[in-house]
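Dumped data.cif below, it's mmCIF, C-alpha atoms:
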data_model
loop_
_atom_site.group_PDB
_atom_site.id
_atom_site.type_symbol
_atom_site.label_atom_id
_atom_site.label_comp_id
_atom_site.auth_asym_id
_atom_site.auth_seq_id
_atom_site.Cartn_x
_atom_site.Cartn_y
_atom_site.Cartn_z
ATOM 1 C CA GLY A 17 -56.294 -25.902 0.598
ATOM 2 C CA ARG A 18 -54.146 -27.684 3.102
ATOM 3 C CA GLY A 19 -51.227 -28.068 0.734
ATOM 4 C CA GLY A 20 -50.562 -24.310 0.951
ATOM 5 C CA VAL A 21 -50.323 -24.410 4.742
ATOM 6 C CA ALA A 22 -47.873 -27.274 4.565
ATOM 7 C CA MET A 23 -45.770 -25.299 2.071
ATOM 8 C CA ALA A 24 -45.508 -22.312 4.412
ATOM 9 C CA ALA A 25 -44.343 -24.501 7.280
ATOM 10 C CA GLU A 26 -41.823 -26.102 4.940
ATOM 11 C CA GLU A 27 -40.357 -22.680 4.093
ATOM 12 C CA ASP A 28 -39.891 -21.784 7.770
ATOM 13 C CA ALA A 29 -37.852 -24.932 8.112
ATOM 14 C CA SER A 30 -35.130 -23.712 5.756
ATOM 15 C CA TRP A 31 -31.749 -23.083 7.366
ATOM 16 C CA ASP A 32 -31.101 -19.838 5.440
ATOM 17 C CA ASP A 33 -34.347 -18.243 6.591
ATOM 18 C CA ALA A 34 -34.016 -19.423 10.170
ATOM 19 C CA THR A 35 -30.481 -18.208 10.787
ATOM 20 C CA GLU A 36 -28.767 -14.849 10.973
ATOM 21 C CA ASP A 37 -25.041 -14.087 10.782
ATOM 22 C CA PHE A 38 -23.355 -14.227 14.147
ATOM 23 C CA GLY A 39 -19.715 -14.924 14.868
ATOM 24 C CA GLN A 40 -16.351 -13.770 16.073
ATOM 25 C CA LYS A 41 -14.790 -11.213 13.777
ATOM 26 C CA VAL A 42 -11.593 -9.303 13.801
ATOM 27 C CA ASP A 43 -11.925 -5.535 13.890
ATOM 28 C CA LEU A 44 -9.310 -4.678 11.299
ATOM 29 C CA CYS A 45 -8.508 -1.263 12.785
ATOM 30 C CA VAL A 46 -7.921 -2.761 16.227
ATOM 31 C CA ARG A 47 -5.701 -5.419 14.677
ATOM 32 C CA ILE A 48 -3.659 -2.802 12.798
ATOM 33 C CA ARG A 49 -3.248 -0.687 15.948
ATOM 34 C CA GLU A 50 -1.922 -3.782 17.707
ATOM 35 C CA ILE A 51 0.574 -4.386 14.885
ATOM 36 C CA LEU A 52 1.708 -0.746 15.020
ATOM 37 C CA ARG A 53 2.411 -1.130 18.742
ATOM 38 C CA ASN A 54 4.709 -4.053 17.956
ATOM 39 C CA TYR A 55 6.391 -2.628 14.885
ATOM 40 C CA PRO A 56 8.467 0.451 15.531
ATOM 41 C CA GLU A 57 8.114 3.694 13.643
ATOM 42 C CA GLY A 58 10.945 5.144 11.638
ATOM 43 C CA THR A 59 13.252 3.438 9.165
ATOM 44 C CA SER A 60 12.041 -0.056 10.051
ATOM 45 C CA ILE A 61 8.956 0.780 7.955
ATOM 46 C CA ILE A 62 11.240 1.348 4.964
ATOM 47 C CA LYS A 63 13.387 -1.701 5.765
ATOM 48 C CA GLU A 64 10.248 -3.820 5.595
ATOM 49 C CA LEU A 65 9.484 -2.463 2.093
ATOM 50 C CA VAL A 66 13.098 -2.954 0.991
ATOM 51 C CA GLN A 67 13.055 -6.540 2.268
ATOM 52 C CA ASN A 68 9.805 -7.277 0.414
ATOM 53 C CA ALA A 69 11.282 -5.842 -2.780
ATOM 54 C CA ASP A 70 14.403 -7.975 -2.342
ATOM 55 C CA ASP A 71 12.283 -11.096 -1.764
ATOM 56 C CA ALA A 72 10.481 -10.276 -5.015
ATOM 57 C CA GLY A 73 13.770 -10.183 -6.925
ATOM 58 C CA ALA A 74 13.918 -6.425 -7.538
ATOM 59 C CA ARG A 75 17.268 -4.892 -8.543
ATOM 60 C CA ASP A 76 16.147 -1.305 -7.857
ATOM 61 C CA PHE A 77 14.417 0.303 -4.904
ATOM 62 C CA LYS A 78 13.400 3.977 -4.916
ATOM 63 C CA LEU A 79 11.733 6.245 -2.372
ATOM 64 C CA CYS A 80 10.259 9.626 -3.144
ATOM 65 C CA LEU A 81 8.723 12.294 -0.961
ATOM 66 C CA ASP A 82 6.019 13.795 -3.196
ATOM 67 C CA HIS A 83 5.050 17.353 -2.248
ATOM 68 C CA ARG A 84 2.485 17.743 -5.025
ATOM 69 C CA GLN A 85 -1.189 18.375 -4.425
ATOM 70 C CA HIS A 86 -3.082 16.404 -7.068
ATOM 71 C CA GLY A 87 -6.427 17.525 -8.439
ATOM 72 C CA THR A 88 -9.610 16.775 -6.510
ATOM 73 C CA ALA A 89 -12.296 17.604 -9.088
ATOM 74 C CA LYS A 90 -12.436 14.288 -10.942
ATOM 75 C CA LEU A 91 -12.180 11.534 -8.343
ATOM 76 C CA VAL A 92 -13.994 8.199 -8.029
ATOM 77 C CA GLY A 93 -15.569 9.454 -4.785
ATOM 78 C CA PRO A 94 -15.563 12.565 -2.594
ATOM 79 C CA GLY A 95 -13.887 10.719 0.289
ATOM 80 C CA MET A 96 -10.741 10.348 -1.810
ATOM 81 C CA ALA A 97 -9.927 14.077 -1.951
ATOM 82 C CA LYS A 98 -8.076 14.133 1.371
ATOM 83 C CA TYR A 99 -5.559 11.580 0.067
ATOM 84 C CA GLN A 100 -4.485 13.643 -2.957
ATOM 85 C CA GLY A 101 -1.805 15.591 -1.092
ATOM 86 C CA VAL A 102 1.730 14.951 0.185
ATOM 87 C CA ALA A 103 2.716 11.284 -0.073
ATOM 88 C CA LEU A 104 5.654 8.915 0.159
ATOM 89 C CA TYR A 105 6.257 6.698 -2.892
ATOM 90 C CA ALA A 106 8.111 3.390 -2.662
ATOM 91 C CA TYR A 107 9.032 1.915 -6.043
ATOM 92 C CA ASN A 108 10.724 -1.370 -6.823
ATOM 93 C CA SER A 109 11.533 -3.006 -10.146
ATOM 94 C CA ALA A 110 9.768 -6.328 -9.472
ATOM 95 C CA ARG A 111 6.120 -6.977 -10.181
ATOM 96 C CA PHE A 112 3.513 -8.635 -8.013
ATOM 97 C CA GLN A 113 2.853 -12.327 -8.577
ATOM 98 C CA GLU A 114 -0.607 -13.719 -7.838
ATOM 99 C CA ALA A 115 0.662 -15.151 -4.532
ATOM 100 C CA ASP A 116 1.734 -11.639 -3.488
ATOM 101 C CA PHE A 117 -1.723 -10.233 -4.189
ATOM 102 C CA GLN A 118 -3.057 -13.003 -1.952
ATOM 103 C CA SER A 119 -0.532 -12.610 0.865
ATOM 104 C CA ILE A 120 -0.801 -8.828 1.115
ATOM 105 C CA GLN A 121 -4.519 -9.275 1.877
ATOM 106 C CA ARG A 122 -3.885 -11.589 4.815
ATOM 107 C CA ILE A 123 -3.506 -9.377 7.827
ATOM 108 C CA GLY A 124 -3.370 -12.003 10.534
ATOM 109 C CA ASP A 125 -0.654 -14.302 9.278
ATOM 110 C CA SER A 126 2.161 -15.020 11.628
ATOM 111 C CA LEU A 127 5.604 -13.619 10.983
ATOM 112 C CA LYS A 128 7.100 -14.657 7.709
ATOM 113 C CA LYS A 129 8.986 -17.922 8.023
ATOM 114 C CA ALA A 130 12.338 -17.937 6.277
ATOM 115 C CA THR A 131 11.247 -21.038 4.361
ATOM 116 C CA SER A 132 8.291 -19.289 2.760
ATOM 117 C CA LYS A 133 10.452 -16.745 0.944
ATOM 118 C CA GLY A 134 10.008 -17.097 -2.779
ATOM 119 C CA SER A 135 7.571 -19.972 -2.323
ATOM 120 C CA LYS A 136 3.901 -20.033 -3.286
ATOM 121 C CA THR A 137 2.764 -18.293 -0.109
ATOM 122 C CA GLY A 138 3.661 -14.787 -1.268
ATOM 123 C CA ARG A 139 6.114 -12.517 0.461
ATOM 124 C CA PHE A 140 4.049 -10.255 2.691
ATOM 125 C CA GLY A 141 4.007 -10.853 6.411
ATOM 126 C CA ILE A 142 2.553 -8.812 9.222
ATOM 127 C CA GLY A 143 5.376 -6.298 8.951
ATOM 128 C CA PHE A 144 3.994 -4.789 5.766
ATOM 129 C CA ASN A 145 1.264 -3.247 7.919
ATOM 130 C CA SER A 146 3.800 -0.967 9.557
ATOM 131 C CA VAL A 147 3.046 1.340 6.574
ATOM 132 C CA TYR A 148 -0.086 2.324 8.514
ATOM 133 C CA HIS A 149 2.241 4.360 10.731
ATOM 134 C CA LEU A 150 2.402 6.704 7.732
ATOM 135 C CA SER A 151 -0.931 6.484 5.987
ATOM 136 C CA GLU A 152 -4.662 5.838 6.298
ATOM 137 C CA VAL A 153 -5.120 4.572 2.738
ATOM 138 C CA PRO A 154 -2.059 2.724 1.369
ATOM 139 C CA GLN A 155 -2.324 2.182 -2.387
ATOM 140 C CA PHE A 156 -0.192 0.634 -5.090
ATOM 141 C CA VAL A 157 0.053 -0.248 -8.733
ATOM 142 C CA SER A 158 1.751 -3.354 -10.153
ATOM 143 C CA GLY A 159 1.319 -5.356 -13.343
ATOM 144 C CA ARG A 160 -2.090 -4.170 -14.475
ATOM 145 C CA SER A 161 -3.639 -3.753 -11.039
ATOM 146 C CA ILE A 162 -4.248 -0.730 -8.856
ATOM 147 C CA ILE A 163 -5.109 -1.484 -5.228
ATOM 148 C CA TRP A 164 -6.460 0.739 -2.467
ATOM 149 C CA PHE A 165 -6.577 -0.374 1.164
ATOM 150 C CA ASP A 166 -9.042 1.466 3.397
ATOM 151 C CA PRO A 167 -9.393 -0.356 6.753
ATOM 152 C CA GLN A 168 -11.711 2.320 8.142
ATOM 153 C CA ALA A 169 -13.951 1.967 5.074
ATOM 154 C CA ASN A 170 -14.538 5.712 4.903
ATOM 155 C CA ALA A 171 -12.847 6.875 1.712
ATOM 156 C CA VAL A 172 -12.833 4.348 -1.122
ATOM 157 C CA PRO A 173 -16.291 4.091 -2.723
ATOM 158 C CA GLY A 174 -18.265 0.875 -2.410
ATOM 159 C CA ILE A 175 -16.310 -0.827 0.319
ATOM 160 C CA ASN A 176 -17.296 -2.020 3.775
ATOM 161 C CA PRO A 177 -15.446 -3.314 6.836
ATOM 162 C CA ALA A 178 -15.833 -6.903 5.617
ATOM 163 C CA ASN A 179 -14.001 -6.071 2.370
ATOM 164 C CA PRO A 180 -11.882 -3.030 3.135
ATOM 165 C CA GLY A 181 -10.208 -2.450 -0.215
ATOM 166 C CA LYS A 182 -10.589 -2.382 -3.986
ATOM 167 C CA ARG A 183 -8.609 -3.647 -6.948
ATOM 168 C CA ILE A 184 -9.015 -2.589 -10.565
ATOM 169 C CA ASP A 185 -7.447 -3.755 -13.801
ATOM 170 C CA PHE A 186 -6.357 -0.434 -15.271
ATOM 171 C CA ILE A 187 -6.084 -1.785 -18.815
ATOM 172 C CA LYS A 188 -9.716 -2.970 -18.790
ATOM 173 C CA SER A 189 -10.791 0.171 -16.913
ATOM 174 C CA ALA A 190 -9.364 2.706 -19.355
ATOM 175 C CA ALA A 191 -12.766 4.444 -19.575
ATOM 176 C CA LEU A 192 -12.921 4.834 -15.785
ATOM 177 C CA ILE A 193 -9.445 6.369 -15.723
ATOM 178 C CA LYS A 194 -10.428 8.765 -18.483
ATOM 179 C CA LYS A 195 -13.547 9.752 -16.529
ATOM 180 C CA HIS A 196 -11.689 10.389 -13.235
ATOM 181 C CA PRO A 197 -8.242 11.581 -14.356
ATOM 182 C CA ASP A 198 -7.352 13.297 -11.059
ATOM 183 C CA GLN A 199 -7.732 10.019 -9.176
ATOM 184 C CA PHE A 200 -5.089 8.261 -11.237
ATOM 185 C CA GLU A 201 -2.608 11.044 -11.940
ATOM 186 C CA ALA A 202 -0.432 10.196 -8.942
ATOM 187 C CA PHE A 203 0.174 6.649 -10.225
ATOM 188 C CA LYS A 204 1.845 7.968 -13.369
ATOM 189 C CA ALA A 205 5.386 7.916 -12.051
ATOM 190 C CA PHE A 206 8.524 5.775 -12.062
ATOM 191 C CA GLY A 207 7.800 4.211 -15.440
ATOM 192 C CA CYS A 208 4.105 3.554 -14.858
ATOM 193 C CA ASN A 209 1.831 5.206 -17.446
ATOM 194 C CA LEU A 210 -1.414 3.261 -16.832
ATOM 195 C CA THR A 211 -1.691 2.399 -20.517
ATOM 196 C CA GLN A 212 0.469 -0.715 -20.555
ATOM 197 C CA ASP A 213 1.454 -3.439 -18.125
ATOM 198 C CA PHE A 214 3.694 -1.980 -15.440
ATOM 199 C CA ASN A 215 6.716 -4.174 -14.910
ATOM 200 C CA GLY A 216 7.364 -2.975 -11.372
ATOM 201 C CA THR A 217 5.554 -1.973 -8.192
ATOM 202 C CA LEU A 218 4.780 1.532 -7.005
ATOM 203 C CA PHE A 219 3.347 2.038 -3.529
ATOM 204 C CA ARG A 220 1.869 5.401 -2.616
ATOM 205 C CA PHE A 221 1.343 6.327 1.023
ATOM 206 C CA PRO A 222 -0.536 9.624 1.410
ATOM 207 C CA LEU A 223 0.855 11.028 4.666
ATOM 208 C CA ARG A 224 -1.613 11.134 7.555
ATOM 209 C CA THR A 225 -2.496 14.771 8.161
ATOM 210 C CA PRO A 226 -3.207 16.253 11.614
ATOM 211 C CA GLU A 227 -6.931 16.416 10.682
ATOM 212 C CA GLN A 228 -6.941 12.734 9.749
ATOM 213 C CA ALA A 229 -4.964 11.801 12.863
ATOM 214 C CA GLN A 230 -7.564 13.388 15.139
ATOM 215 C CA VAL A 231 -10.293 11.013 14.006
ATOM 216 C CA SER A 232 -8.249 8.013 12.869
ATOM 217 C CA ARG A 233 -9.061 4.574 14.249
ATOM 218 C CA ILE A 234 -5.632 3.381 13.106
ATOM 219 C CA SER A 235 -3.115 5.880 14.457
ATOM 220 C CA ARG A 236 -3.212 9.286 16.090
ATOM 221 C CA LEU A 237 0.185 10.132 14.651
ATOM 222 C CA ALA A 238 0.338 12.697 11.847
ATOM 223 C CA HIS A 239 3.258 13.072 9.438
ATOM 224 C CA THR A 240 4.663 16.228 7.935
ATOM 225 C CA VAL A 241 7.024 16.913 5.062
ATOM 226 C CA GLU A 242 9.664 17.769 7.681
ATOM 227 C CA ASP A 243 9.536 14.565 9.688
ATOM 228 C CA THR A 244 9.323 12.450 6.530
ATOM 229 C CA ARG A 245 12.398 14.214 5.195
ATOM 230 C CA GLU A 246 14.058 13.369 8.508
ATOM 231 C CA LEU A 247 13.048 9.732 7.971
ATOM 232 C CA LEU A 248 14.717 9.804 4.545
ATOM 233 C CA SER A 249 17.947 11.271 6.006
ATOM 234 C CA GLN A 250 17.937 8.552 8.626
ATOM 235 C CA PHE A 251 17.408 5.943 5.902
ATOM 236 C CA ARG A 252 20.319 7.451 3.988
ATOM 237 C CA THR A 253 22.686 6.675 6.868
ATOM 238 C CA GLU A 254 21.506 3.043 6.968
ATOM 239 C CA ALA A 255 21.074 2.279 3.259
ATOM 240 C CA ALA A 256 24.662 1.237 2.513
ATOM 241 C CA ASP A 257 24.702 -1.263 5.393
ATOM 242 C CA MET A 258 21.321 -2.558 4.291
ATOM 243 C CA LEU A 259 22.620 -3.339 0.811
ATOM 244 C CA LEU A 260 25.195 -5.708 2.284
ATOM 245 C CA PHE A 261 22.452 -7.958 3.604
ATOM 246 C CA LEU A 262 20.189 -7.941 0.571
ATOM 247 C CA LYS A 263 20.272 -10.734 -1.981
ATOM 248 C CA VAL A 264 19.202 -8.974 -5.170
ATOM 249 C CA ILE A 265 18.805 -5.220 -4.731
ATOM 250 C CA GLU A 266 21.818 -3.372 -6.171
ATOM 251 C CA ASN A 267 20.597 0.164 -6.300
ATOM 252 C CA ILE A 268 18.742 2.375 -3.791
ATOM 253 C CA GLU A 269 17.690 5.898 -4.741
ATOM 254 C CA VAL A 270 15.836 8.586 -2.818
ATOM 255 C CA PHE A 271 14.019 11.521 -4.435
ATOM 256 C CA GLU A 272 11.882 14.537 -3.657
ATOM 257 C CA TRP A 273 9.181 15.675 -6.054
ATOM 258 C CA HIS A 274 8.433 19.370 -5.745
ATOM 259 C CA GLU A 275 5.135 21.076 -6.557
ATOM 260 C CA GLY A 276 5.135 22.150 -10.201
ATOM 261 C CA ALA A 277 8.050 19.906 -11.227
ATOM 262 C CA THR A 278 7.515 17.427 -14.057
ATOM 263 C CA SER A 279 9.839 14.869 -12.481
ATOM 264 C CA PRO A 280 11.428 14.176 -9.098
ATOM 265 C CA SER A 281 14.929 15.352 -8.059
ATOM 266 C CA LEU A 282 17.455 12.805 -6.844
ATOM 267 C CA LEU A 283 18.625 13.359 -3.243
ATOM 268 C CA PHE A 284 21.001 10.427 -2.958
ATOM 269 C CA THR A 285 21.830 7.042 -4.353
ATOM 270 C CA THR A 286 23.562 3.975 -2.891
ATOM 271 C CA LYS A 287 24.839 1.225 -5.137
ATOM 272 C CA VAL A 288 26.447 -2.158 -4.688
ATOM 273 C CA ALA A 289 30.127 -1.568 -5.458
ATOM 274 C CA ASN A 290 30.662 -4.727 -7.523
ATOM 275 C CA PRO A 291 27.372 -6.303 -8.582
ATOM 276 C CA SER A 292 28.183 -9.981 -9.051
ATOM 277 C CA LYS A 293 25.788 -10.287 -11.995
#
Translate this file's structure into structure tokens.
Amino acid sequence: GRGGVAMAAEEDASWDDATEDFGQKVDLCVRIREILRNYPEGTSIIKELVQNADDAGARDFKLCLDHRQHGTAKLVGPGMAKYQGVALYAYNSARFQEADFQSIQRIGDSLKKATSKGSKTGRFGIGFNSVYHLSEVPQFVSGRSIIWFDPQANAVPGINPANPGKRIDFIKSAALIKKHPDQFEAFKAFGCNLTQDFNGTLFRFPLRTPEQAQVSRISRLAHTVEDTRELLSQFRTEAADMLLFLKVIENIEVFEWHEGATSPSLLFTTKVANPSK
């Protein structure tokens, strides 16, 4: 009898049942827009990637404007199709450490302190987010991980604004890759074959199209093959000076990958004249 009534009252007294989530949250898209206002467009986006690669101990840094349209039939989700077109690749010969995987997820950290370079905190500061000038869904492969960032949570399956990205272990997920070959084709470049550990890092930034720019909550700026090529020419004029200030990088190469070609064509290369090591 009365015991049951007491039980019910007891249940109402539980904290979990009595409370609902309520709190101050950061709107990731607003935060990224703010970062883009403070980080200029243009070659500073590339400089940021070069600097990160240097901090990671990479000897080689490569950029490639990829003109190819990859297949859209076998993707992990229909929202991914619009990111299978023209993209900018940024490769470097160092691989992500666990601290890097952690630091690249932290959007709000203050500017990188010089002391943190090479320490346990990972090497990605706010500046990495300048890649959102170029792309809605930055993605990369390193070690045995593939990562997709999707701050607007409208393309990558199974994500939400609280967790706006996905990571997979491509060695363990061989069956998934076999099932959705079109999704993963673009990662097979610059020495990455998705069958063994990739001892490097390959970023892929699908260029924001005019259609995407119209509805984007990140940036209203679209990118074309032409203006990206212009960006690469601009980078070419600055690359040699850049090398002087880098600690480890000895070799910078820029490519274009044309539709139908099995490999990219080299546009230019800049090397350290006398590598000390």
For this session: Report as a VMD selection string the full result of the PyMOL selection byres ((chain A and resi 45) around 8) when it is applied to this structure.
Result: chain A and resid 43 to 44 46 to 49 167 to 168 233 to 234
Exercise. If you apply the PyMOL selection byres ((chain A and resi 252) around 10) to this file, what residues do you get, as a PyMOL selection string?
Worked result: chain A and resi 59+246-251+253-257+268-270+283-286
For the residues in that selection, give me C-alpha atoms as a compact mmCIF listing (two decimals), keeping the file's coordinate frame.
# COMPACT_ATOMS: atom_id res chain seq x y z
CA THR A 59 13.25 3.44 9.16
CA GLU A 246 14.06 13.37 8.51
CA LEU A 247 13.05 9.73 7.97
CA LEU A 248 14.72 9.80 4.54
CA SER A 249 17.95 11.27 6.01
CA GLN A 250 17.94 8.55 8.63
CA PHE A 251 17.41 5.94 5.90
CA THR A 253 22.69 6.68 6.87
CA GLU A 254 21.51 3.04 6.97
CA ALA A 255 21.07 2.28 3.26
CA ALA A 256 24.66 1.24 2.51
CA ASP A 257 24.70 -1.26 5.39
CA ILE A 268 18.74 2.38 -3.79
CA GLU A 269 17.69 5.90 -4.74
CA VAL A 270 15.84 8.59 -2.82
CA LEU A 283 18.62 13.36 -3.24
CA PHE A 284 21.00 10.43 -2.96
CA THR A 285 21.83 7.04 -4.35
CA THR A 286 23.56 3.98 -2.89
For this session: Work out how far apart atom CA of A:Gly216 and atom CA of A:Leu150 are and give it in Å to one decimal.
Result: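 Separation between atom CA of A:Gly216 and atom CA of A:Leu150: 22.0 Å.
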For this session: Report as JSON, numbers by chain the residues that result from applying the PyMOL selection byres ((chain A and resi 188) around 12) to the structure here.
Result: {"A": [160, 161, 162, 183, 184, 185, 186, 187, 189, 190, 191, 192, 193, 194, 210, 211, 212, 213]}
Exercise. Out of A:Cys80, A:Ala110, A:Leu91, A:Ala171, which residue has the shortest atom-to-atom distance to A:Gln199 when counting only C-alpha atoms?
Worked result: A:Leu91
Exercise. For the atom pair atom CA of A:Ala72 and atom CA of A:Lys287, what is the interatomic distance in Å to one decimal place?
Worked result: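 These atoms are spaced 18.4 Å apart.
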Problem set entry | Pairwise distance for atom CA of A:Arg139 and atom CA of A:Asp71, rounded to one decimal in Å |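 Separating atom CA of A:Arg139 from atom CA of A:Asp71 is a distance of 6.7 Å.
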Problem set entry | Nearest candidate to A:Gln100 (options A:Thr244, A:Asn145, A:Ser281, A:Ser151; using all atoms listed in the file) | A:Ser151
Exercise. Pick from A:Leu218, A:Ile51, A:Ala205, A:Val92: nearest to A:Gly141, with only C-alpha atoms counted?
Worked result: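 Once distances to A:Gly141 are computed over only C-alpha atoms, the minimum belongs to A:Ile51.
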Problem set entry | Among the residues A:His274, A:Leu259, A:Val42, A:Phe156, the one that comes closest to A:Lys204 [using only C-alpha atoms] | A:Phe156
Exercise. Which one is closest to A:Glu50: A:Asn170, A:Trp31, A:Ser146, A:Ile265? Count all atoms listed in the file.
Worked result: A:Ser146
Problem set entry | Which of A:Phe221, A:Gly207, A:Gln121, A:Arg84 sits closest to A:Pro154 [using only C-alpha atoms] |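 The answer is A:Phe221, which sits nearest to A:Pro154.
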Centre and edges of the stretch 112-126 of chain A box, axis-aligned, 4 Å extra per side, as JSON:
{"center_x": -0.5, "center_y": -11.9, "center_z": 1.5, "size_x": 16.0, "size_y": 14.5, "size_z": 28.2}
For this session: Could you please give me, as a PyMOL selection string, the residues of protein, DNA or RNA lying at most 12 Å from (-15.3, 13.5, 2.9) in the coordinate frame of the file, considering only C-alpha atoms?
Result: chain A and resi 88+91+93-99+169-173+227-228
